[in-house]
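Novice: The structure is given below, and queries will be raised subsequently.
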Amino acid sequence: MQAISLLLVPPLQSYHLDNAFGNPESVWNSLYYVVLLLLFTGAMLIIVRYKVNWLIQAIMAVAVLSTLVYVLFGLAVLLVPSVDPLIAGGVSVVLSLLLTALLIVYPEWYIIDTVGVLVAAGASALFGISLAILPTIVLLVILAVYDYISVYKTKHMLKLAEGFMDLKMPIMFVMPRRWGYSFMENNKGLPAEGAEREAYFMGLGDAVMPTMLAVSANAFLSAPPLLGFVNVPALGCILGTLVSYVVLMYIVVELKKPQAGLPFLCTGAIAGFLLGCLAAGVRPF
């Protein structure tokens with residue numbers, strides 16, 4: 001997913017899709033993002049409470065469809081640089097409609113994960129190229145603290161996750177523990193603490209937020225490139241995220257209860273990024 005996000009940076013920038021927040025250097029962008037997130041979360045909690053699932057599905061379907069269009073358009077331009085933008089746009093719209101329809105009609109775990117990877121990659125790329133390094137790090141720190149509070153203190157994020165479990169949208173990654181697992185047949189909500197799990201679940205935001213820093217590092221820092229498309233600080237961010245993910249999953253497996261992902265993943269991403277900057281000899285700010 002992170003590799004796809006980084007590959008999407010050049011085509012998205014070439015079509016001037018990097019102005020989601022106006023001035024990418026402004027730290028206020030991070031605060032605007034958090035306010036929008038809080039408003040969206042509050043609205044979702046109200047909808048979940050009153051069980052208006054069709055409204056959530058409609059909102060998520062529109063968000064998924066629009067993000068898929070950007071992602072598939074970027075991939076088309078990346079794979080066939082000479083393609084006519086109108087053709088690339090038309091093909092991306094058709095494929096996005098088909099994928100969204102497939103997700104609704106047949107929401108098996110591998111369909112959810114496939115679409116989730118594309119949506120997360122697109123969201124990470126779009127936000128990452130629109131936020132410079134400092135606003136991105138400020139955003140990651142704020143969201144890590146918010147995730148900690150919402151999972152361990154107020155626990156409203158767990159209620160939101162429970163309410164979303166029966167939706168047919170890729171708001172999470174599903175990681176089965178055994179071959180033959182079916183999300184459609186075993187979707188019975190989050191397991192109780194200490195209960196044996198058929199699969200592990202991770203919210204899409206847990207993948208998007210750390211990847212935004214890797215994309216931002218690749219887009220805004222002049223550092224030695226590796227593999228032709230990723231620089232050293234971005235690679236450090238990716239490796240830091242992966243290490244923190246291993247630690248997070250170890251704790252989840254050992255304690256057998258849900259954990260806040262962003263405190264681990266954002267910390268790992270920021271630490272890896274700073275180490276990458278040190279290794280590359282570049283100043284992050």
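In the structure tokens, chains take letters A, B, ... by order of appearance, with residues numbered from 1 within each chain and ligands from 1 in the order shown.
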Tell me, which residues of stretch 85-164 of chain A carry DSSP alpha helix (DSSP H), written as a PyMOL selection string?

Specialist: chain A and resi 85-105+109-128+133-148+156-164

Novice: Determine, for each residue of stretch 181-273 of chain A having at least one atom at most 12 Å from an atom of stretch 21-45 of chain A, the closest pair of atoms and their separation in Å to one decimal, counting only C-alpha atoms; order by chain and ascending number, as JSON lines.

Specialist:
```
{"residue": "A:Gly205", "atom": "CA", "partner": "A:Leu37", "partner_atom": "CA", "distance": 11.0}
{"residue": "A:Met209", "atom": "CA", "partner": "A:Tyr33", "partner_atom": "CA", "distance": 11.8}
{"residue": "A:Ser216", "atom": "CA", "partner": "A:Pro24", "partner_atom": "CA", "distance": 9.9}
{"residue": "A:Ala219", "atom": "CA", "partner": "A:Pro24", "partner_atom": "CA", "distance": 11.1}
{"residue": "A:Phe220", "atom": "CA", "partner": "A:Pro24", "partner_atom": "CA", "distance": 9.7}
```

Novice: Interatomic distance between atom CA of A:Gly74 and atom CA of A:Leu8?

Specialist: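 Separating atom CA of A:Gly74 from atom CA of A:Leu8 is a distance of 5.8 Å.
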
Novice: Within 8 Å of stretch 280-285 of chain A, counting only C-alpha atoms, which residues qualify if same-chain residues fewer than 2 places away don't, as a PyMOL selection string?

Specialist: chain A and resi 133-134+221-224+232-233+274+276-278

Novice: What's the 8 Å shell around A:Gln259, counting only C-alpha atoms, without same-chain residues fewer than 2 positions away, as a list in words?

Specialist: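 The filter keeps Val151, Leu248, Val252, Lys257 and Gly261 of chain A.
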
Novice: For C-alpha atoms, I'd like the residues from the last selection saved as a short mmCIF file (atom, residue, chain, number, x, y, z; two decimals), in the first residue's frame.

Specialist:
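The resulting file, out.cif, is reproduced below:
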```cif
data_model
loop_
_atom_site.label_atom_id
_atom_site.label_comp_id
_atom_site.auth_asym_id
_atom_site.auth_seq_id
_atom_site.Cartn_x
_atom_site.Cartn_y
_atom_site.Cartn_z
CA VAL A 151 -9.91 3.70 22.52
CA LEU A 248 1.40 -3.61 17.89
CA VAL A 252 -2.82 -7.53 20.32
CA LYS A 257 -8.10 -7.20 23.20
CA GLY A 261 -3.04 1.59 16.54
#
```

Novice: Determine which residues of stretch 59-188 of chain A DSSP labels as strand (DSSP E) from the backbone of this structure, then write them out as a ChimeraX atom specification.

Specialist: /A:172-176

Novice: Do a neighbour search on A:Met157 at 10 Å with only C-alpha atoms, toss out local chain neighbours closer than 5 positions, and write the hits as a PyMOL selection string.

Specialist: chain A and resi 41+45+146-152+162-163+260

Novice: My list of candidates is A:Ile87, A:Ile56, A:Leu79, A:Ile111. Which is closest to A:Met184 when distances are computed with only C-alpha atoms?

Specialist: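 Ranking A:Ile87, A:Ile56, A:Leu79, A:Ile111 by distance to A:Met184, first place goes to A:Ile111.
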